[in-house]
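**Student:** Sharing coords-v3.txt (compact mmCIF, C-alpha atoms) below.
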```txt
# COMPACT_ATOMS: atom_id res chain seq x y z
CA MET A 172 24.12 13.31 4.43
CA THR A 173 20.41 14.12 4.63
CA SER A 174 18.49 12.80 7.60
CA GLU A 175 14.95 11.54 7.23
CA SER A 176 13.59 14.44 9.27
CA ASP A 177 15.29 17.02 7.02
CA PHE A 178 14.01 15.19 4.01
CA ILE A 179 10.45 15.20 5.32
CA LYS A 180 10.70 18.95 5.87
CA ARG A 181 11.57 19.38 2.19
CA LEU A 182 8.69 17.12 1.19
CA LEU A 183 6.24 19.14 3.22
CA ASP A 184 7.54 22.45 1.92
CA GLN A 185 5.47 23.40 -1.13
CA LYS A 186 8.46 25.04 -2.83
CA GLN A 187 10.80 22.09 -2.39
CA ARG A 188 8.23 19.32 -2.74
CA GLU A 189 8.73 18.70 -6.45
CA LYS A 190 12.44 18.05 -6.18
CA ALA A 191 12.13 16.15 -2.91
CA PHE A 192 9.45 13.90 -4.40
CA LYS A 193 11.84 12.89 -7.20
CA THR A 194 14.35 11.93 -4.53
CA LEU A 195 11.59 10.04 -2.72
CA LEU A 196 10.94 8.08 -5.89
CA ASP A 197 14.64 7.27 -6.22
CA LEU A 198 14.76 6.08 -2.64
CA TYR A 199 11.53 4.11 -2.38
CA GLN A 200 10.41 3.16 -5.86
CA LYS A 201 12.17 -0.19 -5.91
CA ARG A 202 11.31 -1.04 -2.32
CA LEU A 203 7.63 -0.36 -2.80
CA TYR A 204 7.59 -2.03 -6.20
CA TRP A 205 8.97 -5.29 -4.77
CA HIS A 206 6.67 -5.07 -1.77
CA ILE A 207 3.68 -4.69 -4.09
CA ARG A 208 4.94 -7.28 -6.59
CA LYS A 209 4.99 -10.01 -3.96
CA ILE A 210 1.36 -9.28 -3.12
CA VAL A 211 -0.12 -8.83 -6.59
CA ILE A 212 2.40 -11.28 -8.14
CA THR A 213 2.67 -10.16 -11.78
CA HIS A 214 4.80 -7.30 -13.05
CA GLU A 215 1.91 -5.75 -14.96
CA ASN A 216 -0.26 -5.58 -11.87
CA ALA A 217 2.59 -4.33 -9.72
CA ASP A 218 3.24 -1.53 -12.20
CA ASP A 219 -0.39 -0.37 -11.98
CA VAL A 220 -0.47 -0.52 -8.20
CA LEU A 221 2.89 1.25 -7.89
CA GLN A 222 1.57 4.18 -9.94
CA ASN A 223 -1.55 4.42 -7.78
CA THR A 224 0.53 4.18 -4.64
CA PHE A 225 2.82 7.09 -5.51
CA LEU A 226 -0.09 9.16 -6.71
CA ARG A 227 -1.80 8.64 -3.37
CA ILE A 228 1.42 9.36 -1.49
CA TYR A 229 1.85 12.64 -3.38
CA LYS A 230 -1.73 13.67 -2.75
CA SER A 231 -1.53 12.77 0.92
CA LEU A 232 1.82 14.44 1.67
CA ALA A 233 0.17 17.64 2.83
CA ASN A 234 -1.59 15.59 5.51
CA PHE A 235 1.52 13.73 6.68
CA LYS A 236 2.00 14.83 10.30
CA GLN A 237 5.01 12.59 11.07
CA GLU A 238 3.03 10.60 13.59
CA SER A 239 4.50 7.53 11.94
CA TYR A 240 7.80 7.02 10.12
CA LEU A 241 7.84 7.98 6.48
CA ASN A 242 8.73 4.48 5.32
CA THR A 243 5.98 2.73 7.29
CA TRP A 244 3.47 5.37 6.21
CA MET A 245 4.34 4.69 2.56
CA TYR A 246 4.37 0.91 3.02
CA ARG A 247 0.93 1.18 4.58
CA ILE A 248 -0.36 3.03 1.55
CA ALA A 249 1.31 0.52 -0.80
CA PHE A 250 -0.16 -2.37 1.17
CA HIS A 251 -3.65 -0.89 1.12
CA GLU A 252 -3.42 -0.20 -2.61
CA SER A 253 -2.28 -3.78 -3.24
CA ILE A 254 -5.09 -5.26 -1.17
CA ARG A 255 -7.58 -2.99 -2.89
CA PHE A 256 -6.28 -4.22 -6.24
CA LEU A 257 -6.59 -7.85 -5.17
CA ALA A 258 -10.08 -7.25 -3.86
CA LEU A 259 -11.20 -5.68 -7.12
CA ASN A 260 -9.45 -8.38 -9.14
CA LYS A 261 -11.02 -11.09 -7.03
CA LYS A 262 -14.40 -9.50 -7.55
CA LYS A 263 -13.94 -9.78 -11.29
CA THR A 264 -12.17 -13.12 -11.45
CA PHE A 265 -13.00 -15.41 -8.58
CA ASP A 266 -16.07 -17.09 -7.26
CA SER A 267 -14.72 -18.09 -3.88
CA LEU A 268 -12.21 -16.63 -1.50
CA HIS A 269 -10.02 -19.76 -1.53
CA ASP A 270 -9.41 -19.27 -5.24
CA ILE A 271 -6.92 -16.50 -4.46
CA ASN A 272 -4.33 -18.91 -3.05
CA ASN A 273 -5.04 -21.50 -5.71
CA HIS A 274 -4.59 -18.78 -8.25
CA TYR A 275 -1.19 -17.73 -6.85
CA LEU A 276 0.97 -20.19 -8.77
CA ASN A 277 -1.10 -20.08 -11.95
CA THR A 278 -0.77 -16.32 -12.04
CA LEU A 279 2.93 -16.52 -11.31
CA VAL A 280 3.82 -18.92 -14.10
CA THR A 281 1.85 -16.93 -16.67
CA ASP A 282 3.77 -13.77 -15.82
CA PRO A 283 6.32 -13.17 -18.62
CA PHE A 284 8.61 -11.67 -16.01
CA PHE A 285 8.75 -14.79 -13.90
CA ASP A 286 11.90 -16.66 -14.77
CA GLY A 287 12.13 -19.09 -11.91
CA ASP A 288 13.78 -22.48 -11.99
CA GLU A 289 12.50 -25.61 -10.27
CA ILE A 290 13.85 -24.64 -6.83
CA GLN A 291 12.41 -21.12 -7.02
CA LEU A 292 9.06 -22.51 -8.09
CA LYS A 293 9.14 -24.83 -5.10
CA LEU A 294 9.81 -21.89 -2.79
CA HIS A 295 6.76 -20.16 -4.28
CA ASN A 296 4.85 -23.38 -3.77
CA ILE A 297 5.77 -23.35 -0.10
CA LEU A 298 4.89 -19.65 0.22
CA ALA A 299 1.52 -20.31 -1.44
CA THR A 300 0.66 -22.88 1.19
CA LEU A 301 1.13 -20.38 4.02
CA PRO A 302 -1.84 -18.51 5.43
CA GLU A 303 -2.03 -15.16 3.66
CA LYS A 304 -1.21 -13.18 6.79
CA ASP A 305 1.87 -15.28 7.60
CA ARG A 306 3.11 -15.03 4.03
CA GLN A 307 2.78 -11.25 3.94
CA ILE A 308 4.53 -10.86 7.28
CA PHE A 309 7.34 -13.23 6.30
CA GLN A 310 7.92 -11.41 3.04
CA MET A 311 7.85 -7.98 4.67
CA LYS A 312 10.42 -9.07 7.22
CA TYR A 313 12.63 -11.25 5.08
CA TYR A 314 12.57 -9.59 1.68
CA ASP A 315 11.45 -6.02 2.41
CA ASP A 316 13.82 -5.73 5.39
CA LEU A 317 11.19 -4.21 7.69
CA GLN A 318 11.52 -4.56 11.44
CA PHE A 319 8.81 -6.26 13.47
CA ASN A 320 7.56 -2.96 14.88
CA GLU A 321 7.46 -1.45 11.40
CA ILE A 322 5.41 -4.38 10.09
CA ALA A 323 3.11 -4.01 13.09
CA ASP A 324 2.70 -0.34 12.20
CA VAL A 325 1.99 -1.07 8.53
CA LEU A 326 -0.54 -3.83 9.23
CA ASN A 327 -1.90 -2.32 12.43
CA ILE A 328 -1.40 -5.62 14.22
CA ASN A 329 0.20 -6.28 17.62
CA VAL A 330 3.98 -6.73 17.32
CA ASN A 331 3.91 -10.06 19.18
CA THR A 332 1.39 -11.40 16.72
CA ILE A 333 3.75 -10.32 13.94
CA LYS A 334 6.63 -12.21 15.56
CA THR A 335 4.48 -15.30 16.03
CA SER A 336 3.40 -15.27 12.41
CA TYR A 337 6.93 -14.67 11.14
CA TYR A 338 8.55 -17.49 13.10
CA ARG A 339 5.69 -19.84 12.28
CA ALA A 340 6.16 -19.09 8.56
CA ALA A 341 9.96 -19.29 8.77
CA LYS A 342 9.72 -22.68 10.48
CA ILE A 343 7.41 -24.08 7.80
CA ILE A 344 9.59 -22.71 5.00
CA LYS A 345 12.79 -24.06 6.55
CA LYS A 346 11.27 -27.50 7.08
CA ASN A 347 9.93 -27.65 3.52
CA ILE A 348 13.16 -26.42 1.96
CA GLN A 349 15.09 -29.09 3.86
CA GLU A 350 12.69 -31.69 2.53
CA VAL A 351 13.18 -30.35 -1.02
CA GLU A 352 16.97 -30.43 -0.59
CA LEU A 353 16.78 -33.95 0.82
CA PHE A 354 14.60 -34.99 -2.10
CA ASN A 355 17.09 -33.52 -4.56
CA GLU A 356 20.00 -35.30 -2.89
CA THR A 357 18.41 -38.72 -2.46
CA GLY A 358 15.58 -38.68 -4.95
CA VAL A 359 13.17 -39.91 -2.27
CA MET B 284 18.63 -17.07 0.83
CA LYS B 285 20.07 -13.86 2.21
CA LYS B 286 20.85 -12.87 5.78
CA ILE B 287 19.08 -9.68 6.77
CA GLU B 288 20.68 -7.34 9.27
CA ASN B 289 18.63 -5.32 11.71
CA HIS B 290 18.56 -1.57 11.88
CA THR B 291 17.57 0.55 14.82
CA ASN B 292 17.91 4.21 13.88
CA LYS B 293 15.56 5.65 11.32
CA ASP B 294 18.17 8.10 10.02
CA GLU B 295 20.63 5.27 9.72
CA TRP B 296 17.99 3.31 7.87
CA PHE B 297 17.40 6.27 5.58
CA SER B 298 21.07 6.55 4.66
CA ARG B 299 21.51 2.84 3.99
CA ASN B 300 18.27 2.57 2.10
CA ASP B 301 19.96 3.33 -1.19
CA SER B 302 22.49 0.52 -0.92
CA PHE B 303 19.73 -1.91 0.07
CA GLN B 304 17.67 -0.85 -2.94
CA LYS B 305 20.46 -1.90 -5.26
CA LYS B 306 20.35 -5.43 -3.86
CA LEU B 307 16.60 -5.81 -4.22
CA ASP B 308 16.54 -6.85 -7.88
CA LYS B 309 19.17 -9.50 -7.27
CA ILE B 310 17.48 -10.88 -4.16
CA HIS B 311 14.11 -11.23 -5.88
CA ALA B 312 15.60 -12.71 -9.03
CA LYS B 313 17.82 -15.16 -7.14
CA ASP B 314 15.31 -16.35 -4.54
CA LEU B 315 11.99 -15.96 -6.29
CA GLY B 316 12.80 -15.83 -10.01
CA LEU B 317 11.05 -12.48 -10.37
CA ASP B 318 12.34 -10.12 -13.06
CA VAL B 319 11.44 -6.68 -14.33
CA PRO B 320 11.71 -5.31 -17.88
CA GLN B 321 14.96 -3.59 -18.74
CA ASP B 322 15.03 0.08 -17.66
CA TYR B 323 11.66 -0.42 -16.00
CA PHE B 324 12.38 1.74 -12.97
CA SER B 325 13.53 4.78 -14.94
CA THR B 326 10.53 4.47 -17.27
CA SER B 327 8.17 3.99 -14.35
CA LYS B 328 9.63 6.99 -12.53
CA ASN B 329 8.90 9.18 -15.55
CA ASP B 330 5.38 7.75 -15.86
CA ILE B 331 4.66 8.47 -12.21
CA LEU B 332 5.98 12.03 -12.48
CA GLU B 333 3.93 12.61 -15.64
CA THR B 334 0.78 11.29 -13.96
CA ILE B 335 1.36 13.59 -11.01
CA HIS B 336 2.05 16.51 -13.33
CA ALA B 337 -1.22 15.81 -15.15
CA GLU B 338 -3.04 15.64 -11.82
CA LYS B 339 -1.55 18.95 -10.78
CA LYS B 340 -2.73 20.54 -14.02
CA SER B 341 -6.26 19.54 -13.18
CA LYS B 342 -5.81 20.62 -9.59
CA GLY B 343 -8.24 23.44 -10.21
CA ILE B 344 -11.03 20.93 -9.82
CA PRO B 345 -10.70 20.42 -6.08
CA LYS B 346 -10.64 24.18 -5.56
CA ILE B 347 -13.82 24.50 -7.59
CA TYR B 348 -15.32 21.61 -5.65
CA ASN B 349 -14.20 23.26 -2.48
CA LYS B 350 -15.86 26.50 -3.53
CA PHE B 351 -19.07 24.62 -4.37
CA ILE B 352 -19.02 22.92 -1.00
CA TRP B 353 -18.65 26.29 0.73
CA LEU B 354 -21.40 27.75 -1.42
CA ALA B 355 -23.64 24.79 -0.61
CA ALA B 356 -22.86 25.18 3.10
CA ALA B 357 -23.58 28.91 2.86
CA GLY B 358 -26.82 28.07 1.07
CA ILE B 359 -27.85 25.69 3.82
CA ALA B 360 -27.00 28.30 6.46
CA LEU B 361 -29.04 30.89 4.55
CA ILE B 362 -32.01 28.56 4.25
CA MET B 363 -31.83 27.75 7.95
CA ALA B 364 -31.68 31.47 8.75
CA LEU B 365 -34.66 32.12 6.50
CA SER B 366 -36.55 29.28 8.11
CA ILE B 367 -36.02 30.93 11.49
CA PHE B 368 -36.91 34.50 10.50
CA LYS B 369 -39.37 33.51 7.74
CA PRO B 370 -39.35 36.87 5.88
CA TYR B 371 -41.24 35.39 2.94
CA ALA B 372 -42.78 32.49 4.87
CA PRO B 373 -42.40 29.80 2.17
CA SER B 374 -44.49 26.68 2.50
CA GLY B 375 -42.97 23.77 4.42
CA SER B 376 -42.72 21.48 1.40
CA ASP B 377 -40.96 24.13 -0.74
CA LEU B 378 -38.38 24.71 1.93
CA GLN B 379 -37.77 20.99 2.47
CA GLU B 380 -37.32 20.45 -1.25
CA GLU B 381 -34.87 23.33 -1.52
CA THR B 382 -32.83 22.08 1.44
CA GLU B 383 -32.66 18.59 -0.04
CA ILE B 384 -31.41 19.89 -3.39
CA VAL B 385 -28.62 21.90 -1.76
CA SER B 386 -27.64 19.02 0.57
CA ILE B 387 -27.60 16.42 -2.19
CA SER B 388 -25.43 18.52 -4.44
CA ALA B 389 -22.86 18.96 -1.65
CA GLU B 390 -22.75 15.22 -0.94
CA GLN B 391 -22.49 14.36 -4.61
CA LEU B 392 -19.54 16.70 -5.01
CA ILE B 393 -17.70 14.89 -2.25
CA GLU B 394 -18.61 11.39 -3.39
CA GLU B 395 -17.98 11.93 -7.09
CA ASP B 396 -14.24 11.65 -6.67
CA MET B 397 -12.96 9.86 -3.61
CA LEU B 398 -9.37 10.64 -4.52
CA ILE B 399 -10.06 14.35 -4.52
CA ALA B 400 -11.81 13.93 -1.21
CA SER B 401 -8.70 12.15 0.11
CA LEU B 402 -6.86 15.47 -0.11
CA PHE B 403 -8.89 16.62 2.85
CA VAL B 404 -8.21 13.55 4.95
CA ASP B 405 -5.89 13.96 7.87
CA GLU B 406 -2.97 11.52 8.10
CA SER B 407 -4.24 10.08 11.36
CA GLN B 408 -7.51 9.26 9.61
CA LEU B 409 -5.94 7.96 6.41
CA ASP B 410 -6.22 4.31 7.43
CA SER B 411 -9.88 4.50 8.26
CA TYR B 412 -10.50 6.52 5.11
CA VAL B 413 -8.78 3.98 2.87
CA ASP B 414 -10.50 1.13 4.70
CA GLN B 415 -13.84 2.80 4.21
CA TYR B 416 -13.08 3.29 0.54
CA ILE B 417 -12.19 -0.36 0.19
CA VAL B 418 -15.23 -1.53 2.10
CA GLU B 419 -17.40 0.36 -0.33
CA GLU B 420 -15.97 -1.82 -3.03
CA SER B 421 -16.96 -4.87 -0.93
CA ILE B 422 -15.00 -8.15 -0.72
CA ILE B 423 -12.23 -6.67 1.40
CA ASP B 424 -14.17 -7.13 4.61
CA GLU B 425 -14.19 -10.83 4.07
CA TYR B 426 -10.57 -10.84 2.90
CA ILE B 427 -9.23 -9.04 5.94
CA GLU B 428 -11.35 -11.05 8.33
CA VAL B 429 -10.29 -14.36 6.92
CA TYR B 430 -6.65 -13.68 6.12
CA PHE B 431 -5.45 -11.03 8.50
CA PHE B 432 -7.44 -10.64 11.65
CA ASP B 433 -9.26 -13.87 12.25
CA ASP B 434 -6.69 -15.51 14.50
CA ILE B 435 -5.23 -12.49 16.31
CA LEU B 436 -6.85 -13.48 19.56
CA ASN B 437 -5.77 -17.07 19.18
CA ASP B 438 -2.11 -16.35 18.54
CA THR B 439 0.26 -17.19 21.36
CA LEU B 440 3.24 -15.00 22.19
CA LEU B 441 6.67 -16.32 21.37
CA PHE B 442 8.62 -13.56 23.10
```
Once more with this new file: its structure as structure tokens, please.
**Tutor:**
Amino acid sequence: MTSESDFIKRLLDQKQREKAFKTLLDLYQKRLYWHIRKIVITHENADDVLQNTFLRIYKSLANFKQESYLNTWMYRIAFHESIRFLALNKKKTFDSLHDINNHYLNTLVTDPFFDGDEIQLKLHNILATLPEKDRQIFQMKYYDDLQFNEIADVLNINVNTIKTSYYRAAKIIKKNIQEVELFNETGV
Amino acid sequence: MKKIENHTNKDEWFSRNDSFQKKLDKIHAKDLGLDVPQDYFSTSKNDILETIHAEKKSKGIPKIYNKFIWLAAAGIALIMALSIFKPYAPSGSDLQEETEIVSISAEQLIEEDMLIASLFVDESQLDSYVDQYIVEESIIDEYIEVYFFDDILNDTLLF
């Protein structure tokens, strides 16, 4: 079994980098794709951002000094690339900042690779109502399986703030889901 | 919705990463209704590797840029040396113009391709570099302020 530290050594070694990078893609491609997808929403956008992310990772490997974990370092790059994409997209598409959240569901339902039913759409609805920061933190913890300290490292935010945001978001989601379930059971 | 287990050791995380990856498609499809095209990840992997291969082919560019930057720096040093010793005593305006030309060309070489410049950025400075790059494309300042950092000071600690 290869440890992360051994793997990083291979990545930093010019002679082994090519092969190690293919392994890196196998290990992280899906994780980073889904992380990006939840930020930029559509598959087409996520595909673009994923390409840019791995290109930047490859170019920056020589400068990776292991001061942070490999996974959080890559998530940070993926997060920055996603935000950069949103910022550029917003510049082209939106007039006001609040349009981004309003745009969330519209963008989602126009994505040919969204195949959600009524319940899933309601979950998205709930997620869309969350403050952007809370939503990102909830998704990184719940769906991307990152620990609080890893999320803090990726977002460069205090870990207690991360916990606060996560539990606040989880509480809202739980409450709203219960209301949806109650509505489905009783029709009121 | 799934139950997520915690992990504490980064090597342990590394070894279990693969099994977690296999669950990702199912989790996102089941909870969020998000799908990907068939065979997307294998196609995307090839695309990424091809893009990187193409970048590597043109990797001569940064070296050339690097050489130009060194030449420009050497030029500036030479001009400064000449300005001190003044063997040919050029007029002040000529010298200023020459210095500006050399300086501008060095800056332009760096700014022309931010991605190439990123090769020279140290990991510890990557964040600030990326941030700076984003800021240059505007909007992001406002985005981060409003969505990510505005209420940090107001947040109360749960634990």
**Student:** Pull out every residue of chain A that has at least one atom within 6 Å of chain B, counting only C-alpha atoms, and report them as an MDAnalysis selection string.
**Tutor:** chainID A and resid 174:175 222 234:235 258 284:287 291 303:304 331 335
**Student:** Would you work out the distance separating atom CA of Lys345 of chain A from atom CA of Ile212 of chain A, expressed in Å to one decimal?
**Tutor:**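 If I compute the distance from atom CA of Lys345 of chain A to atom CA of Ile212 of chain A, I get 22.1 Å.
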**Student:** Have a look at atom CA of Arg247 of chain A and atom CA of Lys293 of chain A and let me know their distance in Å, one decimal.
**Tutor:**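 Computing the Euclidean distance for atom CA of Arg247 of chain A and atom CA of Lys293 of chain A yields 28.9 Å.
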**Student:** Compile the contact shell of segment 196-211 of chain A as an NGL selection string: residues with an atom at most 7 Å away, counting all atoms listed in the file, same-chain residues fewer than 4 positions apart removed.
**Tutor:** (:A and (192 or 216-217 or 221 or 246 or 249-250 or 253 or 257 or 315)) or (:B and (300-301 or 304 or 328))
**Student:** As an exercise, work out the distance from atom CA of Gln349 of chain A to atom CA of Leu294 of chain A in Å and give it to one decimal place.
**Tutor:**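 The value is 11.1 Å.
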